[in-house]
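**Q** My file is upload.txt. It has compact mmCIF, C-alpha atoms:
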# COMPACT_ATOMS: atom_id res chain seq x y z
CA MET A 140 228.03 61.90 65.57
CA LYS A 141 226.59 59.30 67.95
CA LEU A 142 224.90 56.65 65.81
CA ALA A 143 222.83 53.88 67.41
CA ILE A 144 222.25 50.94 65.08
CA ILE A 145 219.44 48.67 66.22
CA GLY A 146 220.44 45.28 64.89
CA ALA A 147 223.93 43.91 64.29
CA GLY A 148 223.31 41.58 61.35
CA HIS A 149 224.84 41.97 57.89
CA VAL A 150 223.31 45.39 57.21
CA GLY A 151 223.77 46.83 60.69
CA SER A 152 227.39 45.66 60.90
CA ALA A 153 228.22 46.97 57.42
CA LEU A 154 226.77 50.40 58.19
CA GLY A 155 228.47 50.57 61.55
CA GLN A 156 231.88 49.73 60.11
CA GLY A 157 231.49 52.29 57.34
CA TRP A 158 230.44 55.08 59.68
CA ALA A 159 233.12 54.23 62.21
CA LYS A 160 235.73 54.58 59.45
CA ALA A 161 234.26 58.01 58.69
CA GLY A 162 234.83 59.06 62.30
CA HIS A 163 231.38 58.56 63.81
CA ASP A 164 230.79 57.04 67.25
CA VAL A 165 228.77 53.85 66.74
CA ARG A 166 226.92 51.63 69.19
CA TYR A 167 224.76 48.61 68.39
CA GLY A 168 221.49 47.71 70.06
CA THR A 169 221.15 43.94 70.45
CA ARG A 170 219.10 41.57 72.59
CA ALA A 171 222.14 40.06 74.31
CA PRO A 172 224.94 42.66 74.29
CA ALA A 173 228.30 40.92 74.59
CA ALA A 174 230.80 43.42 73.16
CA SER A 175 231.87 46.81 74.50
CA ASP A 176 230.11 48.63 71.66
CA HIS A 177 226.86 46.68 72.16
CA LEU A 178 224.01 47.88 74.36
CA THR A 179 220.41 46.82 74.79
CA PRO A 180 218.20 48.28 72.05
CA SER A 181 216.54 50.76 74.40
CA ALA A 182 219.86 51.89 75.89
CA ALA A 183 221.41 52.31 72.44
CA ALA A 184 218.40 54.32 71.22
CA ALA A 185 218.57 56.59 74.26
CA TRP A 186 222.31 57.14 73.70
CA GLY A 187 222.27 57.84 69.95
CA ALA A 188 221.70 61.18 68.28
CA VAL A 189 220.55 59.22 65.22
CA VAL A 190 218.88 55.81 65.49
CA VAL A 191 219.19 53.36 62.59
CA LEU A 192 216.72 50.48 62.28
CA ALA A 193 218.47 47.50 60.68
CA LEU A 194 216.12 44.70 61.66
CA PRO A 195 214.26 41.89 59.92
CA TRP A 196 210.78 43.23 59.19
CA SER A 197 209.22 40.36 61.12
CA ALA A 198 210.92 41.57 64.32
CA ALA A 199 210.59 45.31 63.74
CA GLU A 200 207.33 46.18 65.49
CA ALA A 201 208.18 44.39 68.73
CA VAL A 202 211.69 45.82 68.91
CA VAL A 203 210.61 49.37 68.02
CA ALA A 204 207.92 49.22 70.71
CA GLY A 205 210.66 48.80 73.28
CA LEU A 206 212.73 51.81 72.18
CA GLY A 207 210.55 54.53 73.70
CA SER A 208 209.11 57.52 71.85
CA LEU A 209 212.45 58.72 70.40
CA SER A 210 210.87 62.17 70.42
CA GLY A 211 212.70 64.58 68.10
CA LYS A 212 215.35 62.02 67.11
CA ILE A 213 216.24 61.20 63.53
CA VAL A 214 215.39 57.57 62.79
CA ILE A 215 216.80 55.99 59.64
CA ASP A 216 214.61 53.13 58.44
CA CYS A 217 216.67 50.86 56.21
CA MET A 218 214.26 47.91 56.45
CA ASN A 219 212.17 46.44 53.66
CA PRO A 220 208.82 44.79 54.50
CA ILE A 221 209.79 41.59 52.71
CA ALA A 222 207.32 38.73 52.71
CA ARG A 223 207.15 35.33 51.04
CA MET A 224 204.37 35.30 48.48
CA PRO A 225 203.05 32.35 46.41
CA GLU A 226 204.93 33.81 43.43
CA GLY A 227 208.14 34.45 45.42
CA ILE A 228 209.59 37.35 47.38
CA GLY A 229 207.30 40.36 47.66
CA LEU A 230 206.31 43.23 49.93
CA ALA A 231 203.95 42.85 52.88
CA LEU A 232 202.94 46.50 52.45
CA GLY A 233 202.62 48.65 49.36
CA GLN A 234 200.52 50.81 47.04
CA ASN A 235 198.67 52.80 49.72
CA THR A 236 201.26 52.64 52.50
CA SER A 237 204.85 51.49 53.14
CA GLY A 238 207.18 50.13 55.77
CA GLY A 239 208.59 53.61 56.27
CA GLU A 240 205.15 55.04 56.99
CA GLN A 241 204.45 52.14 59.35
CA VAL A 242 207.63 52.95 61.29
CA GLN A 243 206.53 56.58 61.52
CA SER A 244 203.19 55.45 62.96
CA TRP A 245 205.03 53.42 65.59
CA LEU A 246 207.26 56.42 66.41
CA PRO A 247 205.02 59.45 65.82
CA GLU A 248 207.36 61.89 67.59
CA ALA A 249 210.49 60.79 65.71
CA ARG A 250 211.81 62.18 62.41
CA VAL A 251 211.81 59.09 60.20
CA VAL A 252 213.86 58.97 56.98
CA LYS A 253 213.63 55.98 54.67
CA THR A 254 216.92 55.08 52.97
CA LEU A 255 219.73 52.50 52.81
CA ASN A 256 217.25 49.85 51.70
CA GLN A 257 218.18 49.79 48.00
CA VAL A 258 221.38 47.70 47.89
CA GLY A 259 222.85 44.80 49.78
CA ALA A 260 225.15 44.92 52.78
CA GLU A 261 228.23 44.33 50.62
CA ILE A 262 227.75 47.70 48.89
CA MET A 263 226.99 49.46 52.17
CA ALA A 264 230.29 48.14 53.53
CA ASP A 265 232.33 49.25 50.51
CA THR A 266 231.18 51.74 47.86
CA SER A 267 234.60 51.96 46.18
CA GLY A 268 235.39 50.92 42.63
CA PHE A 269 232.35 52.34 40.85
CA PRO A 270 232.66 54.84 37.98
CA VAL A 271 230.19 57.11 39.81
CA PRO A 272 229.08 57.03 43.46
CA PRO A 273 226.19 54.58 43.93
CA VAL A 274 222.91 56.43 44.29
CA GLN A 275 220.86 56.15 47.47
CA PHE A 276 217.38 57.66 47.53
CA MET A 277 215.82 58.92 50.75
CA ALA A 278 212.29 59.89 51.73
CA GLY A 279 211.08 61.77 54.79
CA ASN A 280 208.87 64.58 56.01
CA ASP A 281 211.57 66.62 57.78
CA ASP A 282 213.95 68.49 55.47
CA LYS A 283 216.52 69.17 58.20
CA ALA A 284 216.57 65.50 59.13
CA LYS A 285 217.17 64.61 55.48
CA GLN A 286 220.10 67.05 55.37
CA VAL A 287 221.71 65.18 58.27
CA VAL A 288 221.00 61.82 56.66
CA ALA A 289 222.36 63.02 53.30
CA ALA A 290 225.67 63.82 54.99
CA LEU A 291 225.73 60.36 56.56
CA LEU A 292 225.06 58.78 53.17
CA THR A 293 227.89 60.81 51.67
CA ASP A 294 230.19 59.57 54.43
CA LEU A 295 229.47 56.04 53.23
CA GLY A 296 230.30 56.99 49.64
CA PHE A 297 226.75 57.22 48.32
CA ASP A 298 225.21 59.92 46.14
CA PRO A 299 222.13 60.94 48.20
CA LEU A 300 219.01 61.89 46.25
CA ASP A 301 215.88 63.28 47.91
CA ALA A 302 212.79 61.40 46.70
CA GLY A 303 210.36 63.61 48.63
CA ASP A 304 208.13 63.05 51.63
CA LEU A 305 207.75 59.76 53.48
CA THR A 306 204.96 58.53 51.22
CA LYS A 307 207.69 58.12 48.58
CA ALA A 308 208.89 55.13 50.59
CA ARG A 309 206.15 53.43 48.57
CA LEU A 310 208.48 53.88 45.60
CA LEU A 311 211.76 53.04 47.35
CA GLU A 312 210.67 49.71 48.80
CA PRO A 313 209.58 48.22 45.45
CA PHE A 314 212.78 49.72 44.00
CA ALA A 315 214.68 47.58 46.49
CA LEU A 316 212.91 44.52 45.09
CA THR A 317 214.35 45.41 41.68
CA TRP A 318 217.86 45.12 43.13
CA ILE A 319 216.95 41.89 44.95
CA ASN A 320 215.45 40.40 41.79
CA GLN A 321 218.54 41.15 39.71
CA ALA A 322 221.00 40.17 42.45
CA LEU A 323 219.42 36.94 43.62
CA MET A 324 216.97 35.78 40.95
CA ARG A 325 218.56 36.92 37.68
CA GLY A 326 222.16 35.99 38.39
CA LYS A 327 223.69 39.46 38.56
CA GLY A 328 225.12 38.87 42.01
CA ARG A 329 225.41 41.30 44.89
CA ASP A 330 228.38 43.44 43.85
CA TRP A 331 226.51 46.15 41.94
CA ALA A 332 224.42 49.25 42.63
CA PHE A 333 222.28 51.86 40.91
CA GLY A 334 223.95 55.05 39.68
CA ALA A 335 222.67 58.48 38.68
CA MET A 336 224.59 59.72 35.62
CA LEU A 337 224.36 63.13 33.99
CA ARG A 338 224.85 63.51 30.27
CA ALA A 339 228.23 65.05 29.39
CA GLY A 340 228.13 68.84 29.50
CA GLN A 341 225.09 68.99 31.81
So that I can check it, write out the structure of this file as structure tokens.

**A**
Amino acid sequence: MKLAIIGAGHVGSALGQGWAKAGHDVRYGTRAPAASDHLTPSAAAAWGAVVVLALPWSAAEAVVAGLGSLSGKIVIDCMNPIARMPEGIGLALGQNTSGGEQVQSWLPEARVVKTLNQVGAEIMADTSGFPVPPVQFMAGNDDKAKQVVAALLTDLGFDPLDAGDLTKARLLEPFALTWINQALMRGKGRDWAFGAMLRAGQ
């Protein structure tokens, strides 16, 4: 599948490497394309069958505005609307909306799925070594789009779980803060993930 990743930082690069290993055709959208697999963001978005947003939240609106309508395309939003609060890291949006819903409002004709925001880039790059596949929740309004995204998550070694419609991004973005808190603030480090385990015999 042709996957356009907008942003080539830690998250974008990790996802691209993982999907390339799984046999997908990956291109990156960057402001100053210098490599053969790098295009401008708008060119990458036009090329890809699936568009992945892997941008800092502070840059997201301006970059997304330059991508076009992306009508009918699946857009994976793996961003978290992180903001610095007086008490530390928090979310710029929450409770009655989410970053995922904001992305959908910027791209009303696209099929937005929120996922790949719940662990760090290290886990996205390598999901091996866990007793069960790391879980990755997803939220979106289009069931067929979520089926495609679930297969892409499986290709990365995740256990995809459907959280429901896109309003459930309001749950997934604070959930990401739980991982960030444990990884960065509580000393657990970045080499861990959430798992969904069934009781024996179930």

**Q** A:Leu305, A:Met263, A:Leu300, A:Ala147: which is nearest Ala173 of chain A, counting all atoms listed in the file?

**A**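 Nearest to Ala173 of chain A: A:Ala147.
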
**Q** Please, what distance in Å, to one decimal, runs between atom CA of Gly205 of chain A and atom CA of Cys217 of chain A?

**A**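 Going from atom CA of Gly205 of chain A over to atom CA of Cys217 of chain A, I get 18.2 Å.
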
**Q** For Val288 of chain A, find every residue with an atom within 9 Å (counting all atoms listed in the file), except residues of its own chain fewer than 6 positions away, and show them as a ChimeraX atom specification.

**A** /A:189,213,215,252,254,277,299

**Q** So how many Å separate atom CA of Trp331 of chain A and atom CA of Gly268 of chain A, to one decimal?

**A**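 Going from atom CA of Trp331 of chain A over to atom CA of Gly268 of chain A covers 10.1 Å.
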
**Q** Please enclose the listed atoms of segment 162-173 of chain A in an axis-aligned box, pad each side by 3 Å, and write out the centre and the three edge lengths in Å, rounded to one decimal, as lines of an AutoDock Vina configuration file.

**A**
center_x = 227.0
center_y = 49.6
center_z = 68.4
size_x = 21.7
size_y = 25.0
size_z = 18.3

**Q** Please determine, counting all atoms listed in the file, which residue among A:Asn280, A:Leu295, A:Ala290, A:Lys253 has the shortest atom-to-atom distance to Ala315 of chain A.

**A**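 Among the listed residues, A:Lys253 lies closest to Ala315 of chain A.
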
**Q** Quick one: residues within 9 Å of Gly259 of chain A, only C-alpha atoms, excluding same-chain residues fewer than 6 positions away - as a VMD selection string?

**A** chain A and resid 149 to 150 318 to 319 322 329 to 332

**Q** Write the residues of the preceding selection, restricted to C-alpha atoms, as an mmCIF file, in the frame of the given file.

**A**
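As a result, result-v7.cif now contains:
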data_model
loop_
_atom_site.group_PDB
_atom_site.id
_atom_site.type_symbol
_atom_site.label_atom_id
_atom_site.label_comp_id
_atom_site.auth_asym_id
_atom_site.auth_seq_id
_atom_site.Cartn_x
_atom_site.Cartn_y
_atom_site.Cartn_z
ATOM 1 C CA HIS A 149 224.840 41.970 57.890
ATOM 2 C CA VAL A 150 223.310 45.390 57.210
ATOM 3 C CA TRP A 318 217.860 45.120 43.130
ATOM 4 C CA ILE A 319 216.950 41.890 44.950
ATOM 5 C CA ALA A 322 221.000 40.170 42.450
ATOM 6 C CA ARG A 329 225.410 41.300 44.890
ATOM 7 C CA ASP A 330 228.380 43.440 43.850
ATOM 8 C CA TRP A 331 226.510 46.150 41.940
ATOM 9 C CA ALA A 332 224.420 49.250 42.630
#

**Q** Skip Thr169 of chain A itself and residues of its chain fewer than 6 positions away, then list as an NGL selection string all residues within 9 Å of it, counting all atoms listed in the file.

**A** :A and (144-147 or 177-180 or 183)

**Q** Store the residues picked out above, limited to C-alpha atoms, as a PDB file, keeping the file's coordinate frame.

**A**
ATOM      1  CA  ILE A 144     222.250  50.940  65.080  1.00  0.00           C
ATOM      2  CA  ILE A 145     219.440  48.670  66.220  1.00  0.00           C
ATOM      3  CA  GLY A 146     220.440  45.280  64.890  1.00  0.00           C
ATOM      4  CA  ALA A 147     223.930  43.910  64.290  1.00  0.00           C
ATOM      5  CA  HIS A 177     226.860  46.680  72.160  1.00  0.00           C
ATOM      6  CA  LEU A 178     224.010  47.880  74.360  1.00  0.00           C
ATOM      7  CA  THR A 179     220.410  46.820  74.790  1.00  0.00           C
ATOM      8  CA  PRO A 180     218.200  48.280  72.050  1.00  0.00           C
ATOM      9  CA  ALA A 183     221.410  52.310  72.440  1.00  0.00           C
TER      10      ALA A 183
END

**Q** Rounded to one decimal place, report the atom CA of Gln257 of chain A-atom CA of Gly340 of chain A distance in Å.

**A** 28.4 Å

**Q** For Gly157 of chain A, find every residue with an atom within 12 Å (counting only C-alpha atoms), except residues of its own chain fewer than 2 positions away, and show them as a PyMOL selection string.

**A** chain A and resi 142+150-155+159-165+260-267+291-297

**Q** Which one is closest to Val242 of chain A: A:Leu209, A:Glu200, A:Thr306, A:Pro273? Count all atoms listed in the file.

**A**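 Residue with the minimum atom-to-atom distance to Val242 of chain A: A:Glu200.
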